[in-house]
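Contents: one structure, followed by commentary.
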Protein chains: 2
Amino acid sequence: VANSNLTVLFNQRPNGLPDINCFRVTEGSIPEVREGELLLRTLYLSIDPVLLNRLKGVPSYGAFQPNELISWVGLGQVIASRHPDYGVGDIVESMMGWQQFTSVTALNVFRKIDPTLSPVSHALGILGVSGMTGYFGLLETGYPQAGETVVVSAAAGAVGSTAGQLARLKGAHVVGITSSPEKKRYLLDELGFDAAVSYKSDRFAAELAEACPNGIALYFDNVGGAVTDVVMDNMKDFGRIALCGQVATYHESDGGWRGNLLPIVMHSLRLQGFNTSKYADRYPEAIKELSNWIADGKIKVRETVAQGLESAPKAFVGIFNSQNVGKQLVKVSDPA
Amino acid sequence: VANSNLTVLFNQRPNGLPDINCFRVTEGSIPEVREGELLLRTLYLSIDPVLLNRLKGVPSYGAFQPNELISWVGLGQVIASRHPDYGVGDIVESMMGWQQFTSVTALNVFRKIDPTLSPVSHALGILGVSGMTGYFGLLETGYPQAGETVVVSAAAGAVGSTAGQLARLKGAHVVGITSSPEKKRYLLDELGFDAAVSYKSDRFAAELAEACPNGIALYFDNVGGAVTDVVMDNMKDFGRIALCGQVATYHESDGGWRGNLLPIVMHSLRLQGFNTSKYADRYPEAIKELSNWIADGKIKVRETVAQGLESAPKAFVGIFNSQNVGKQLVKVSDPA
C-alpha cells in the first residue's frame, strides 16, 4: 500500500449549477481499518447527478459540510478486511470516499462483483444502478408496446440509452432527445433509435413533432424543465410518463423537481414515478437479461471514463453540461 | 319578457386571488335572437374555480377583454328559439352570458335537462360536470379498494364531496381535508367520512398522519400547494394520486399547476390526471347510478346557492376563500 492517499473534500456549496470550486483535492493518509471494516483500493467512482443534492446541502440526501470527505457509490477491491464476509481481492460495489484508498463498514457495501465481469466498470453502469433504473423504469413503469411512440430524454446518457434500447427491443418507435449532432448520430447509427432530435436546435419543437407524427404514447423523462414542457405538447391523450429524474431542475434554488401538472390533466396522462431501489430483489434477473442482450449485440454500451481520482470534480461538473455519452465514471486504478 | 337585462361584464384582471373589481354589474338590453340561436332566461349559473384562467387572461382558456360579457356554464330555459331542435320551455345546460337573458347558438348548448329533475340545479352539480368529475376521477382514475385509505382535499366541495362519498361506498377508509370545524362535522356526520382534518389547524400535519395510520393509498387532489405537500409525506409506496385540480395555485403569477415531483419518485407513486370531458359518452350511466344512490340516501348532496345575478361576482370570489359547501351556484330565476 502506498503511503499517500489522494482525497476529494467538500469545499463550498454551488450557486446554481455545480462548479469545480465545490470540491478541493488534497493529500490524505491511508485510513485505519477497524473491526467490521474493509480497506478498499478504489477502482471506479460512479458520477451521478443526484449527488448535487448533497453538495447543495439538502438535508434528506445527507448534506456535506466543509472539509468533509465526498462519499458516493463506487467499485473497490478489498486490500484488508476485518469482516468475515469479505476477503482480500474481493471486488465490491459500495458507498465510499472519493479517495484512492478508503475504509468502509460492511454495512455500506451493496454487493460483491463477479471478478470475471469484463469490463468490471459495467457494474456501475449498465449492470448497476443506472442500468437497473433504465430497465425497471422502462419495463415495469412504462410498459412500452410494439408500434407505439416512446420518447426518451437525456437519451445518450447511461439511463436513457438503456431505456431507449429496451423500448426498441419491445418494438416501439423510439425517439431520443439529446444535446448535439454527434449524439444524434450515436443514437441513430449505434443504438438503432428511429429518430433523434437535439433540444439545442432552434427547431427543437418542430423537429420533435415531426419525429412523433402519431403523438407520444410513452415519455421516459430524465430531465424535466423546458425540454419536458415541449414533450408534453406532443403527448397523446391517456399517454404515460415514466418519471426517472429532473436533472435540468436540480440546481434551482427551491430544490427543483417542480413540474407542470396542467398537461397531465388536459391529456389525461399517467405519470408514474419509480424508486429503483424498491426493485432490489429483482436486480439479479435484470442483470442476467441485460448481460445476455449485451452478449448478443442487441444492447450496445458506451462509457465515458475520466482518468485519475483528481479528475472527479471536473467529471461531475461535466455531466450537467451534457459532456458524457453513456455512464460517466472516474477510473482510479485497475483491479489487481 | 322584461325590457332590462342585468349583466356582468369583465372589468379588470385580478392581482393574485380574484376580487369583485374583476367584474362590473350593469344593465343591458335583451339580446336579439338570430337564425340558429336560442334566447334563454337564466336559471342558474355554475361557479367554478377554473374560470379564473379567463379572468387572468390565459390564452388557452379564452382570455376575457375589458367590458366583455362574462360567459360560463349555466342552466337556462328557452323563451324563444330559432333552432329546430329546441322549443320554448326546454331547459338546457349551455355556455351562456352572466345575464338574466342570454342568447346562445345551439352549438354552445351541451344538453337538454329532464324537466322533472328536482332540484333542477343538480344538473350543474352532482348530476353535471362536478359530479362527473368526482365520479370518473375517483372510480376510473383512482380505483379505490375496500379497506385502503383514501384522502380527498377540498372534501366539502362539489367534486370532493362526490369523490369522498363514492370512496366510502367502495369500502375505503375515507379522510377529508377541509377548512373549518363546521365542515369537518359535515363530512363526518352527514357524509359518513371516517375522519376529517382542517388544513387551517396548527396541527394539520400531525392530525393527517393520525387519521392515516396505515399511510395513504389513494389521494384525490383538488388543491395542490402546501396542503398537497403535507399529504405527500404520508403516501404509501406505490400509492396513487387522482389529479383533479390545483385550486390553491391558480392565482400564482406563473399560472400555477407546478407540483413537487420528488415524492412521486421517492415513493414510486402513480399520478393520473384526468380530463372529465373525455368520458362524455359515459355521462348517462354515471348520472343514472348517482341518481339511484341519491334516491337511496347513499349519497347526500348540498349546494350553496347565492341569490340573484348581481351576487355572482361575490360568489365567485368566495369559492377561493372556502365559503361554499358543495356546489356553488347562483340562482337567477325559477323555471316557468
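Following the order of the C-alpha cells, first chain is A, next is B, and so on, with residues numbered from 1 inside each chain and ligands from 1 in the order they appear.
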
Need to verify the contact set: Met232 of chain B, 9 Å, only C-alpha atoms, exclusion of same-chain residues closer than 5 positions in sequence. Can you return it as a compact mmCIF listing (two decimals) with N, CA, C and O atoms, in the first residue's frame?
# COMPACT_ATOMS: atom_id res chain seq x y z
N ILE B 216 -51.33 6.53 3.11
CA ILE B 216 -52.38 6.87 2.15
C ILE B 216 -52.17 6.07 0.87
O ILE B 216 -51.12 6.15 0.25
N TYR B 219 -54.86 9.38 -3.13
CA TYR B 219 -55.12 10.78 -2.82
C TYR B 219 -55.86 11.39 -3.99
O TYR B 219 -55.35 11.39 -5.12
N VAL B 227 -50.96 22.13 1.04
CA VAL B 227 -51.76 21.01 1.57
C VAL B 227 -51.29 19.70 0.95
O VAL B 227 -51.07 18.70 1.65
N PRO B 263 -41.61 13.56 -4.31
CA PRO B 263 -42.23 12.44 -3.58
C PRO B 263 -42.75 11.36 -4.51
O PRO B 263 -42.85 10.20 -4.12
N ILE B 264 -43.08 11.74 -5.74
CA ILE B 264 -43.62 10.78 -6.71
C ILE B 264 -42.55 9.75 -7.06
O ILE B 264 -42.84 8.57 -7.25
N HIS B 267 -41.48 7.69 -3.49
CA HIS B 267 -42.45 6.68 -3.04
C HIS B 267 -43.02 5.86 -4.21
O HIS B 267 -44.02 5.17 -4.03

Hey, could you make a per-residue contact list for chain A against chain B with 8 Å as the cut-off, showing the nearest pair of atoms and its distance in Å to one decimal, counting only C-alpha atoms, sorted by chain and number, as CSV?
residue,atom,partner,partner_atom,distance
A:Leu243,CA,B:Val265,CA,6.9
A:Cys244,CA,B:Val265,CA,7.1
A:Trp257,CA,B:Leu261,CA,5.2
A:Arg258,CA,B:Asn260,CA,4.7
A:Gly259,CA,B:Arg258,CA,5.2
A:Asn260,CA,B:Arg258,CA,4.7
A:Leu261,CA,B:Trp257,CA,5.3
A:Leu262,CA,B:Trp257,CA,5.7
A:Ile264,CA,B:Gly273,CA,5.0
A:Val265,CA,B:Gly273,CA,4.2
A:Met266,CA,B:Asn275,CA,5.5
A:His267,CA,B:Asn275,CA,6.7
A:Ser268,CA,B:Phe274,CA,4.0
A:Leu269,CA,B:Gly273,CA,5.3
A:Arg270,CA,B:Gln272,CA,4.3
A:Leu271,CA,B:Leu271,CA,5.0
A:Gln272,CA,B:Arg270,CA,4.2
A:Gly273,CA,B:Val265,CA,4.2
A:Phe274,CA,B:Ser268,CA,4.0
A:Asn275,CA,B:Ser268,CA,5.4

Running DSSP on the backbone, which parts of segment 7-217 of chain B land in alpha helix (DSSP H), as a ChimeraX atom specification? /B:52-56,129-136,158-169,181-185,204-211

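From atom CA of Asp114 of chain B back to atom CA of Gly76 of chain B, the distance works out to 12.5 Å.
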
Spatial neighbours of Glu310 of chain A, max dist 12 Å, only C-alpha atoms, sep filter under 4 positions, as number ranges by chain: A: 5-9, 20, 23-27, 45, 98-100, 306, 314-316, 330-332

Do you have the atom CA of Pro313 of chain B-atom CA of Leu329 of chain B distance handy? 11.4 Å

Which residues, written as number ranges by chain, have at least one atom at most 6 Å from Asn108 of chain A, with only C-alpha atoms counted and residues fewer than 2 positions away on the same chain left out? A: 94-95, 105-106

Can you tell me, as a PyMOL selection string, what residues are no more than 10 Å from Asn11 of chain A when counting only C-alpha atoms, ignoring any on the same chain fewer than 4 positions away? chain A and resi 20-25+55+64-70

Considering only strand (DSSP E or B) as DSSP defines it on the backbone, what residues of segment 274-321 of chain A qualify? List them as a PyMOL selection string. chain A and resi 303-307

Considering only C-alpha atoms, return as an MDAnalysis selection string whatever protein or nucleic-acid residues lie within 7 Å of segment 294-305 of chain B, sequence-local ones (same chain, fewer than 4 positions apart) excluded. chainID B and resid 165 191 290 324:331

Atomic separation - atom CA of Ile30 of chain B relative to atom CA of Gly125 of chain B, Å: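 Between atom CA of Gly125 of chain B and atom CA of Ile30 of chain B the gap works out to 27.8 Å.
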
Close residues, Val247 of chain A itself excluded, 10 Å, only C-alpha atoms, min 3 positions apart in chain, as a list in words: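 Everything that qualifies: Pro49, Val50, Leu52, Ala154, Asp221, Asn222, Val223, Gly224, Gly225, Cys244, Tyr250, His251, Gly256, Trp257, Ile319 and Phe320 of chain A.
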
Put those residues in a file: N, CA and C atoms, as a PDB file, in the first residue's frame.
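Contents of the output file out.pdb:
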ATOM      1  N   PRO A  49     -25.836  12.658 -11.215  1.00  0.00           N
ATOM      2  CA  PRO A  49     -26.370  13.995 -10.945  1.00  0.00           C
ATOM      3  C   PRO A  49     -26.961  14.160  -9.544  1.00  0.00           C
ATOM      4  N   VAL A  50     -27.519  13.101  -9.006  1.00  0.00           N
ATOM      5  CA  VAL A  50     -28.232  13.237  -7.734  1.00  0.00           C
ATOM      6  C   VAL A  50     -27.312  13.666  -6.595  1.00  0.00           C
ATOM      7  N   LEU A  52     -25.607  16.125  -6.534  1.00  0.00           N
ATOM      8  CA  LEU A  52     -25.717  17.583  -6.387  1.00  0.00           C
ATOM      9  C   LEU A  52     -26.497  17.964  -5.131  1.00  0.00           C
ATOM     10  N   ALA A 154     -32.480  12.905 -22.367  1.00  0.00           N
ATOM     11  CA  ALA A 154     -31.111  12.530 -21.996  1.00  0.00           C
ATOM     12  C   ALA A 154     -30.818  11.131 -22.542  1.00  0.00           C
ATOM     13  N   ASP A 221     -38.773  10.249 -18.806  1.00  0.00           N
ATOM     14  CA  ASP A 221     -38.253  11.595 -18.537  1.00  0.00           C
ATOM     15  C   ASP A 221     -37.094  11.573 -17.554  1.00  0.00           C
ATOM     16  N   ASN A 222     -35.946  12.006 -18.038  1.00  0.00           N
ATOM     17  CA  ASN A 222     -34.769  12.162 -17.187  1.00  0.00           C
ATOM     18  C   ASN A 222     -34.479  13.609 -16.825  1.00  0.00           C
ATOM     19  N   VAL A 223     -35.139  14.579 -17.465  1.00  0.00           N
ATOM     20  CA  VAL A 223     -34.624  15.950 -17.401  1.00  0.00           C
ATOM     21  C   VAL A 223     -35.585  16.981 -16.834  1.00  0.00           C
ATOM     22  N   GLY A 224     -36.883  16.908 -17.128  1.00  0.00           N
ATOM     23  CA  GLY A 224     -37.813  17.951 -16.682  1.00  0.00           C
ATOM     24  C   GLY A 224     -37.541  19.276 -17.376  1.00  0.00           C
ATOM     25  N   GLY A 225     -38.044  20.357 -16.775  1.00  0.00           N
ATOM     26  CA  GLY A 225     -37.776  21.700 -17.280  1.00  0.00           C
ATOM     27  C   GLY A 225     -38.351  21.949 -18.660  1.00  0.00           C
ATOM     28  N   CYS A 244     -38.268   9.497 -14.189  1.00  0.00           N
ATOM     29  CA  CYS A 244     -36.988   8.992 -13.690  1.00  0.00           C
ATOM     30  C   CYS A 244     -36.227  10.087 -12.955  1.00  0.00           C
ATOM     31  N   TYR A 250     -32.298  20.373 -10.905  1.00  0.00           N
ATOM     32  CA  TYR A 250     -31.702  20.103  -9.590  1.00  0.00           C
ATOM     33  C   TYR A 250     -30.952  21.306  -9.017  1.00  0.00           C
ATOM     34  N   HIS A 251     -30.489  22.182  -9.910  1.00  0.00           N
ATOM     35  CA  HIS A 251     -29.702  23.319  -9.425  1.00  0.00           C
ATOM     36  C   HIS A 251     -30.582  24.481  -8.977  1.00  0.00           C
ATOM     37  N   GLY A 256     -35.646  22.320  -7.049  1.00  0.00           N
ATOM     38  CA  GLY A 256     -36.039  21.686  -8.305  1.00  0.00           C
ATOM     39  C   GLY A 256     -37.209  20.733  -8.130  1.00  0.00           C
ATOM     40  N   TRP A 257     -37.388  19.876  -9.112  1.00  0.00           N
ATOM     41  CA  TRP A 257     -38.437  18.851  -9.103  1.00  0.00           C
ATOM     42  C   TRP A 257     -39.829  19.432  -9.235  1.00  0.00           C
ATOM     43  N   ILE A 319     -21.215  16.448 -16.292  1.00  0.00           N
ATOM     44  CA  ILE A 319     -22.486  15.773 -16.593  1.00  0.00           C
ATOM     45  C   ILE A 319     -23.653  16.749 -16.595  1.00  0.00           C
ATOM     46  N   PHE A 320     -23.470  17.922 -15.993  1.00  0.00           N
ATOM     47  CA  PHE A 320     -24.526  18.942 -16.067  1.00  0.00           C
ATOM     48  C   PHE A 320     -24.409  19.768 -17.345  1.00  0.00           C
TER      49      PHE A 320
END

Given only C-alpha atoms as the counted atoms, nearest of A:Ala155, A:Val92, A:Leu107, A:Ala280 to Arg41 of chain A: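 Comparing A:Ala155, A:Val92, A:Leu107, A:Ala280 against Arg41 of chain A, the winner is A:Val92.
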